[in-house]
Amino acid sequence: MSRKISYVQAFNEAVRQEMRADETVFCAGEDIGGFGGVFQTYAGLQEEFGEERVVDTPISEQAIIGLGVGAAATGSRPIVDIMFMDFICVAFDQIVNQAAKMKYMFGGSATVPLTITTGGGGGLSAAAQHSQSLEALICHIPGLKVVHPSNPYDMKGLMTACIREDNPTIMIKHKRLLGMQGEVPEEPYMIPLGTAATLREGADVTVVAWGRMVNEAFDVAEKLAEDGIDVEVIDPRTLQPLDSETIVESVRKTNRAVIVHEAVRFAGLGAEVAAQIQEEAFDYLDAPVARVAAPFSPVPFTPALEQHYQPSAARIEQAIRDIVARPGA
Amino acid sequence: MELSTDVLTDMHRRMVRIRLFEEAAGKLAEAAKLPGFLHLYVGQEAVASGVCTALTDQDQITSTHRGHGHLVAKGGEFKPMMAELMGKATGYNKGKGGSMHISNLDVGMLGANGIVGAGAPIAVGAGFGNKLKGNGNVAAAFFGDGSTNIGAFHEAANMACALKLPVLFICENNEYGEFTARDKTMAITDIVDRAAGYGMPGVIVDGMDVVAIHEATIEAKNRAVRGEGPSLIEAKTYRFYNHHGVQNLGLKYRTDDEVAEWKQRDPIFTFEDRMIDAGTATRDDFDGVWAELRADIDEAIQFAEDSPVPDVDQLLVDVYTEMPAGATS
């Protein structure tokens with residue numbers, strides 16, 4: 001495995017291969033056809049599969065999700081794109097009340113193999129309505145599955161799994177990882193939804209992070225190793241269902257945990273992870289579970305402020321050092 | 001258009017089935033035998049029956065929170081419907097949907113819906129799937145006058161027209177959005193005025209005349225199947241009971257005289273009179289239909305009352321479609 005492609009190319013390849021393999025798969029969204037999507041994630045697909053299967057839609061997020069729900073419930077396998085994650089708010093009824101609940105409300109008779117793709121995360125001076133990390137909102141909804149890959153290999157494997165999944169899934173593409181290069185096999189493969197990756201084994205502290213923060217945390221861990229701090233880094237990859245077992249097992253080993261995410265700290269998904277750790281590994285903990293996250297404000301525009309808003313390597317490093325410095329039991 | 005006696009008999013039968021089901025449900029609700037909310041379709045029977053006699057089992061419909069009539073008209077059976085209203089395991093939705101989410105995908109009924117306007121985008125999705133598969137089926141969205149004030153309707157109408165999808169928009173204008181008169185919530189009298197804004201034909205029909213509705217639906221369906229896109233049918237109709245529950249007179253938001261006037265135009269009785277006058281059927285014929293279907297309803301009530309409630313172990317079943325082992329690995 002030596003071929004390197006980008007995060008965007010990995011996404012695109014997964015969609016292309018699944019569309020070749022399964023004629024019920026189609027894509028719809030704003031600007032994804034002729035233009036290839038604002039992040040070029042759908043580039044070249046309309047050329048290969050035509051306007052019938054790669055559809056440029058009106059700027060109508062409710063109808064885009066509804067298009068996916070209705071088509072999925074009647075035998076197609078749609079991939080629908082919501083350009084920026086912030087815009088899921090415009091379509092929240094169709095996501096939360098329709099797509100997520102149809103199977104349960106209908107007593108199991110409905111199957112909704114719908115994949116929603118969307119661009120999340122900040123760091124581009126895109127300001128408060130184009131930068132959010134809203135994973136906590138959607139992970140709270142029974143019936144949805146949520147993935148957020150941190151690298152090209154996981155992107156292809158998770159996207160393939162999402163398309164083949166018989167439940168509504170939301171694929172969050174991180175906007176700052178689009179150009180990230182990595183080794184990706186050419187043949188189709190799946191990463192099972194709900195399985196975390198342990199990127200780095202360590203004995204002193206467990207760091208749980210997702211999206212772009214995984215890569216920040218990994219770099220910090222490498223640096224701390226030089227100071228003799230042995231950090232285990234876990235990327236859940238799927239946020240719903242969460243691979244709690246891998247996280248809890250790790251904390252039982254390291255006895256300390258730091259959670260890092262880009263979303264606002266209050267009621268962020270880190271709170272759920274911390275709660276699960278204290279429920280399942282309380283007796284193993286040598287320190288409180290720490291969280292590194294965004295403060296309780298909208299995402300600011302100016303780089304001068306946004307760089308302080310997003311968790312930085314320095315903040316992650318400090319949090320890990322503080323937790324490791326606490327005296328053990 | 002000259003309709004055959006079979007079609008006329010079928011229309012009548014569907015209307016009577018709706019009326020009997022709804023009157024029975026109302027009585028059960030008064031006797032506190034039905035949990036939850038109940039939105040009765042009585043008065044509007046001609047709309048669902050006229051539309052659905054123009055559709056096949058493979059054509060799909062989306063519905064509203066006043067959805068029992070749509071399901072009955074689309075071929076829903078009394079027993080699993082009554083059981084669903086009672087929250088029993090033998091219901092169409094295994095007791096997990098109830099009145100507001102009742103559905104049966106086997107007859108193309110994609111669910112009553114507790115969210116006003118939400119069915120329209122789902123019908124667009126079903127229509128898209130039909131077009132992609134080239135199966136010649138159409139999807140009809142039922143919605144009320146009130147739901148044409150919500151964004152989902154407008155997004156769905158625009159998208160369906162832009163993509164020329166085989167979708168029928170069926171507006172049941174019963175003059176009240178819940179407890180508020182239509183003229184207080186919109187500055188137009190006819191919902192059909194909205195059709196031109198999306199580039200689709202719109203037609204007003206007498207919502208108490210099942211034949212007129214049927215004929216308009218046939219024309220709209222033919223147009224959709226020819227690939228010419230959606231149509232809007234506005235059926236002027238009236239609900240004889242309150243927004244929910246079984247009260248019909250003494251309501252603050254409409255007069256008893258108005259109710260009495262509309263009841264003079266009862267869609268079933270006026271249809272029967274016309275058929276008798278035309279010599280197509282006799283009073284005895286109709287009496288026989290009512291008697292036969294009354295017996296069916298009594299049997300369905302008994303079935304539902306005798307049916308078990310779901311076991312508590314069903315609480316977490318069907319939140320997700322279980323993926324076969326290895327399917328996502």
# chains A, B, ... in the order shown; residues from 1 in each chain; ligands from 1

call {"tool": "select_by_dssp", "arguments": {"residues": "segment 218-275 of chain B", "states": "strand (DSSP E)", "output": "NGL selection string"}}
result
:B and (231-236)

call {"tool": "interface_residues", "arguments": {"of": "chain B", "to": "chain A", "cutoff": "6 Å", "atoms": "only C-alpha atoms", "output": "list of chain:residue names"}}
result
B:Asn93, B:Lys94, B:Lys96, B:Gly97, B:Pro121, B:Ile122, B:Ala123, B:Val124, B:Gly125, B:Ala126, B:Gly129, B:Glu155, B:Ala156, B:Asp318, B:Val319, B:Tyr320, B:Thr328, B:Ser329

call {"tool": "closest_residue", "arguments": {"among": "B:Glu305, B:Glu234, B:Asp296, B:Glu22", "to": "Leu40 of chain B", "atoms": "only C-alpha atoms"}}
result
B:Glu22

call {"tool": "residues_around", "arguments": {"residues": "segment 174-189 of chain B", "least_positions_apart": "4", "cutoff": "7 Å", "atoms": "only C-alpha atoms", "output": "PyMOL selection string"}}
result
chain B and resi 145-146+236-239+243+253

call {"tool": "atom_distance", "arguments": {"atom1": "atom CA of Thr64 of chain B", "atom2": "atom CA of Asn113 of chain B"}}
result
4.8 Å

call {"tool": "residues_around", "arguments": {"residues": "Lys88 of chain B", "least_positions_apart": "2", "cutoff": "9 Å", "atoms": "only C-alpha atoms", "output": "JSON, numbers by chain"}}
result
{"B": [80, 82, 83, 84, 85, 86, 90, 91, 93, 94, 95, 96, 304, 305, 307, 308, 309, 310]}

call {"tool": "atom_distance", "arguments": {"atom1": "atom CA of Met15 of chain B", "atom2": "atom CA of Asp266 of chain B"}}
result
10.9 Å

call {"tool": "select_by_dssp", "arguments": {"residues": "segment 171-231 of chain A", "states": "helix (DSSP H, G or I)", "output": "NGL selection string"}}
result
:A and (175-177 or 212-225)

call {"tool": "write_last_selection", "arguments": {"atoms": "N, CA, C and O atoms", "output": "PDB file, in the first residue's frame"}}
result
ATOM      1  N   LYS A 175     -13.288  20.434   7.053  1.00  0.00           N
ATOM      2  CA  LYS A 175     -12.869  21.348   5.983  1.00  0.00           C
ATOM      3  C   LYS A 175     -11.365  21.622   5.975  1.00  0.00           C
ATOM      4  O   LYS A 175     -10.809  21.958   4.943  1.00  0.00           O
ATOM      5  N   ARG A 176     -10.702  21.479   7.116  1.00  0.00           N
ATOM      6  CA  ARG A 176      -9.253  21.733   7.142  1.00  0.00           C
ATOM      7  C   ARG A 176      -8.439  20.488   6.825  1.00  0.00           C
ATOM      8  O   ARG A 176      -7.212  20.538   6.793  1.00  0.00           O
ATOM      9  N   LEU A 177      -9.102  19.366   6.586  1.00  0.00           N
ATOM     10  CA  LEU A 177      -8.364  18.136   6.261  1.00  0.00           C
ATOM     11  C   LEU A 177      -8.484  17.762   4.787  1.00  0.00           C
ATOM     12  O   LEU A 177      -7.950  16.739   4.359  1.00  0.00           O
ATOM     13  N   ARG A 212     -10.208  16.923  13.068  1.00  0.00           N
ATOM     14  CA  ARG A 212      -8.862  17.478  12.948  1.00  0.00           C
ATOM     15  C   ARG A 212      -8.095  17.399  14.264  1.00  0.00           C
ATOM     16  O   ARG A 212      -6.860  17.323  14.285  1.00  0.00           O
ATOM     17  N   MET A 213      -8.799  17.395  15.390  1.00  0.00           N
ATOM     18  CA  MET A 213      -8.142  17.386  16.700  1.00  0.00           C
ATOM     19  C   MET A 213      -7.350  16.097  16.947  1.00  0.00           C
ATOM     20  O   MET A 213      -6.436  16.071  17.770  1.00  0.00           O
ATOM     21  N   VAL A 214      -7.717  15.031  16.223  1.00  0.00           N
ATOM     22  CA  VAL A 214      -6.945  13.783  16.352  1.00  0.00           C
ATOM     23  C   VAL A 214      -5.496  14.043  15.955  1.00  0.00           C
ATOM     24  O   VAL A 214      -4.548  13.634  16.643  1.00  0.00           O
ATOM     25  N   ASN A 215      -5.339  14.736  14.843  1.00  0.00           N
ATOM     26  CA  ASN A 215      -3.993  14.959  14.318  1.00  0.00           C
ATOM     27  C   ASN A 215      -3.207  15.916  15.214  1.00  0.00           C
ATOM     28  O   ASN A 215      -2.008  15.745  15.434  1.00  0.00           O
ATOM     29  N   GLU A 216      -3.884  16.909  15.752  1.00  0.00           N
ATOM     30  CA  GLU A 216      -3.240  17.812  16.714  1.00  0.00           C
ATOM     31  C   GLU A 216      -2.788  17.033  17.942  1.00  0.00           C
ATOM     32  O   GLU A 216      -1.658  17.176  18.422  1.00  0.00           O
ATOM     33  N   ALA A 217      -3.686  16.199  18.446  1.00  0.00           N
ATOM     34  CA  ALA A 217      -3.376  15.429  19.659  1.00  0.00           C
ATOM     35  C   ALA A 217      -2.236  14.444  19.400  1.00  0.00           C
ATOM     36  O   ALA A 217      -1.367  14.235  20.267  1.00  0.00           O
ATOM     37  N   PHE A 218      -2.229  13.870  18.213  1.00  0.00           N
ATOM     38  CA  PHE A 218      -1.172  12.896  17.887  1.00  0.00           C
ATOM     39  C   PHE A 218       0.191  13.587  17.886  1.00  0.00           C
ATOM     40  O   PHE A 218       1.166  13.073  18.453  1.00  0.00           O
ATOM     41  N   ASP A 219       0.258  14.757  17.265  1.00  0.00           N
ATOM     42  CA  ASP A 219       1.528  15.486  17.221  1.00  0.00           C
ATOM     43  C   ASP A 219       1.985  15.873  18.630  1.00  0.00           C
ATOM     44  O   ASP A 219       3.174  15.796  18.955  1.00  0.00           O
ATOM     45  N   VAL A 220       1.046  16.272  19.458  1.00  0.00           N
ATOM     46  CA  VAL A 220       1.377  16.619  20.844  1.00  0.00           C
ATOM     47  C   VAL A 220       1.910  15.375  21.575  1.00  0.00           C
ATOM     48  O   VAL A 220       2.897  15.441  22.314  1.00  0.00           O
ATOM     49  N   ALA A 221       1.260  14.252  21.321  1.00  0.00           N
ATOM     50  CA  ALA A 221       1.687  13.009  21.984  1.00  0.00           C
ATOM     51  C   ALA A 221       3.125  12.648  21.601  1.00  0.00           C
ATOM     52  O   ALA A 221       3.928  12.243  22.453  1.00  0.00           O
ATOM     53  N   GLU A 222       3.443  12.821  20.337  1.00  0.00           N
ATOM     54  CA  GLU A 222       4.812  12.522  19.875  1.00  0.00           C
ATOM     55  C   GLU A 222       5.816  13.437  20.578  1.00  0.00           C
ATOM     56  O   GLU A 222       6.899  13.009  20.991  1.00  0.00           O
ATOM     57  N   LYS A 223       5.416  14.682  20.716  1.00  0.00           N
ATOM     58  CA  LYS A 223       6.312  15.646  21.366  1.00  0.00           C
ATOM     59  C   LYS A 223       6.490  15.302  22.849  1.00  0.00           C
ATOM     60  O   LYS A 223       7.607  15.324  23.369  1.00  0.00           O
ATOM     61  N   LEU A 224       5.399  14.942  23.509  1.00  0.00           N
ATOM     62  CA  LEU A 224       5.476  14.644  24.943  1.00  0.00           C
ATOM     63  C   LEU A 224       6.275  13.376  25.213  1.00  0.00           C
ATOM     64  O   LEU A 224       6.858  13.224  26.296  1.00  0.00           O
ATOM     65  N   ALA A 225       6.297  12.497  24.220  1.00  0.00           N
ATOM     66  CA  ALA A 225       7.077  11.259  24.388  1.00  0.00           C
ATOM     67  C   ALA A 225       8.546  11.597  24.651  1.00  0.00           C
ATOM     68  O   ALA A 225       9.244  10.901  25.402  1.00  0.00           O
TER      69      ALA A 225
END

call {"tool": "residues_around", "arguments": {"residues": "Asp287 of chain B", "least_positions_apart": "5", "cutoff": "12 Å", "atoms": "only C-alpha atoms", "output": "MDAnalysis selection string"}}
result
chainID B and resid 12:13 16 269 272 281:282 292:294

call {"tool": "closest_atom_pairs", "arguments": {"of": "segment 133-155 of chain A", "to": "segment 198-205 of chain A", "cutoff": "12 Å", "atoms": "only C-alpha atoms", "output": "Markdown table"}}
result
| residue | atom | partner | partner_atom | distance |
| --- | --- | --- | --- | --- |
| A:Ser150 | CA | A:Leu199 | CA | 10.9 |
| A:Asn151 | CA | A:Leu199 | CA | 11.4 |
| A:Asp154 | CA | A:Leu199 | CA | 11.8 |

call {"tool": "residues_around", "arguments": {"residues": "His140 of chain A", "least_positions_apart": "6", "cutoff": "10 Å", "atoms": "only C-alpha atoms", "output": "PyMOL selection string"}}
result
chain A and resi 96+240+269+272

call {"tool": "write_last_selection", "arguments": {"atoms": "all heavy atoms", "output": "short mmCIF file (atom, residue, chain, number, x, y, z; two decimals), in the first residue's frame"}}
result
data_model
loop_
_atom_site.label_atom_id
_atom_site.label_comp_id
_atom_site.auth_asym_id
_atom_site.auth_seq_id
_atom_site.Cartn_x
_atom_site.Cartn_y
_atom_site.Cartn_z
N VAL A 96 -33.97 15.01 11.87
CA VAL A 96 -34.26 14.56 13.24
C VAL A 96 -35.63 13.87 13.35
O VAL A 96 -35.75 12.82 13.97
CB VAL A 96 -34.19 15.75 14.22
CG1 VAL A 96 -34.64 15.34 15.62
CG2 VAL A 96 -32.78 16.32 14.25
N GLN A 240 -21.35 8.16 16.61
CA GLN A 240 -22.61 7.47 16.98
C GLN A 240 -22.80 6.30 16.03
O GLN A 240 -22.96 6.54 14.83
CB GLN A 240 -23.78 8.45 16.91
CG GLN A 240 -25.13 7.84 17.25
CD GLN A 240 -25.20 7.30 18.65
OE1 GLN A 240 -24.97 6.11 18.85
NE2 GLN A 240 -25.46 8.15 19.62
N LEU A 269 -19.84 16.65 22.93
CA LEU A 269 -19.81 15.19 23.03
C LEU A 269 -18.78 14.74 24.07
O LEU A 269 -18.88 13.65 24.63
CB LEU A 269 -19.48 14.60 21.65
CG LEU A 269 -19.81 13.13 21.46
CD1 LEU A 269 -21.28 12.86 21.68
CD2 LEU A 269 -19.40 12.68 20.06
N GLU A 272 -20.31 13.60 27.25
CA GLU A 272 -20.82 12.22 27.22
C GLU A 272 -19.67 11.22 27.43
O GLU A 272 -19.81 10.26 28.20
CB GLU A 272 -21.51 11.96 25.88
CG GLU A 272 -21.94 10.53 25.64
CD GLU A 272 -23.02 10.05 26.60
OE1 GLU A 272 -23.80 10.89 27.08
OE2 GLU A 272 -23.07 8.83 26.88
#

call {"tool": "closest_residue", "arguments": {"among": "B:Val192, B:Ala160, B:Leu132, B:Ala54", "to": "Asn173 of chain B", "atoms": "only C-alpha atoms"}}
result
B:Val192
